[in-house]
$ cat target.txt   # compact mmCIF, C-alpha atoms
# COMPACT_ATOMS: atom_id res chain seq x y z
CA MET W 817 5.50 -29.45 -1.30
CA TYR W 818 3.71 -27.38 1.33
CA SER W 819 5.82 -24.71 3.05
CA VAL W 820 5.46 -22.67 6.21
CA ALA W 821 4.79 -19.62 4.02
CA ASP W 822 1.89 -21.45 2.36
CA GLU W 823 0.45 -22.32 5.77
CA LEU W 824 0.76 -18.74 7.02
CA ARG W 825 -0.82 -17.42 3.82
CA THR W 826 -3.75 -19.81 4.19
CA GLU W 827 -4.28 -18.90 7.86
CA THR W 828 -4.10 -15.17 7.09
CA LEU W 829 -6.62 -15.53 4.26
CA LYS W 830 -9.03 -17.39 6.55
CA ARG W 831 -8.77 -14.66 9.19
CA VAL W 832 -9.25 -11.85 6.67
CA LYS W 833 -12.27 -13.54 5.08
CA LYS W 834 -13.97 -13.58 8.50
CA LEU W 835 -13.66 -9.79 8.80
CA SER W 836 -16.50 -7.46 7.89
CA PRO W 837 -15.93 -4.96 5.06
CA GLU W 838 -15.52 -2.17 7.62
CA GLU W 839 -12.90 -4.20 9.50
CA ARG W 840 -11.04 -4.93 6.26
CA VAL W 841 -10.90 -1.23 5.38
CA SER W 842 -9.74 -0.43 8.91
CA LEU W 843 -7.02 -3.09 8.64
CA ALA W 844 -5.89 -1.69 5.30
CA PHE W 845 -5.55 1.80 6.79
CA GLU W 846 -3.66 0.42 9.80
CA LEU W 847 -1.24 -1.42 7.52
CA GLY W 848 -0.76 1.71 5.42
CA ASP W 849 -0.03 3.80 8.51
CA PHE W 850 2.43 1.18 9.74
CA ASP W 851 4.20 1.09 6.36
CA LEU W 852 4.41 4.89 6.28
CA ALA W 853 5.92 4.91 9.78
CA LEU W 854 8.52 2.35 8.70
CA TYR W 855 9.34 4.39 5.58
CA CYS W 856 9.68 7.58 7.65
CA THR W 857 11.94 5.89 10.17
CA TYR W 858 14.15 4.28 7.56
CA HIS W 859 14.56 7.45 5.48
CA GLY W 860 14.48 9.93 8.39
CA LEU W 861 11.54 11.90 6.98
CA ASP W 862 8.46 13.60 8.37
CA PRO W 863 5.20 11.85 7.42
CA SER W 864 4.07 14.69 5.12
CA VAL W 865 7.39 14.69 3.26
CA ALA W 866 7.35 10.90 3.01
CA LEU W 867 3.80 10.90 1.60
CA GLU W 868 4.78 13.43 -1.07
CA LYS W 869 7.87 11.42 -1.96
CA VAL W 870 5.80 8.22 -2.28
CA ARG W 871 3.25 10.01 -4.48
CA LEU W 872 6.02 11.25 -6.77
CA LEU W 873 7.61 7.79 -6.94
CA ARG W 874 4.27 6.25 -7.91
CA GLN W 875 4.00 8.68 -10.82
CA SER W 876 7.53 8.24 -12.15
CA GLY W 877 7.62 6.51 -15.49
CA ARG W 878 3.89 6.81 -16.08
CA ARG W 879 2.62 8.36 -19.26
CA VAL W 880 -0.28 10.75 -19.58
CA SER W 881 -3.43 9.07 -20.85
CA ALA W 882 -4.14 9.88 -24.52
CA PRO W 883 -7.76 11.00 -23.90
CA THR W 884 -6.58 13.59 -21.37
CA ARG W 885 -4.03 15.18 -23.67
CA ILE W 886 -4.85 18.57 -25.07
CA PRO W 887 -4.59 18.61 -28.89
CA ARG W 888 -2.12 21.14 -30.29
$ encode --input "target.txt" --output "structure tokens"
Amino acid sequence: MYSVADELRTETLKRVKKLSPEERVSLAFELGDFDLALYCTYHGLDPSVALEKVRLLRQSGRRVSAPTRIPR
């Protein structure tokens, strides 16, 4: 069964495939800026504080890579 979401996904993919690499990178940055603005608005934060919070959240639960550990 084909849904509206499938149709939108297909149309979006077609449009993105027509973009040049530079346009794709530009679109990615625009989407990132838009997402950051939404996050700031929702949480009532300044962009710099929001970026730091997102960086910390991305690191939570991650383990240090074994090759980078200093032997004791």
$ residues_around --input "target.txt" --residues "Leu852 (chain W)" --least-positions-apart "5" --cutoff "12 Å" --atoms "only C-alpha atoms" --output "list in words"
Phe845, Glu846, Leu847, Thr857, Tyr858, His859, Gly860, Leu861, Asp862, Pro863, Ser864, Val865, Ala866, Leu867, Glu868, Lys869, Val870 and Arg871 of chain W
$ axis_aligned_box --input "target.txt" --around "region 818-826 of chain W" --padding-each-side "3 Å" --output "AutoDock Vina command-line options"
--center_x 1.0 --center_y -22.4 --center_z 4.2 --size_x 15.6 --size_y 16.0 --size_z 11.7
$ atom_distance --input "target.txt" --atom1 "CA of Ser842 (chain W)" --atom2 "CA of Thr828 (chain W)"
15.9 Å
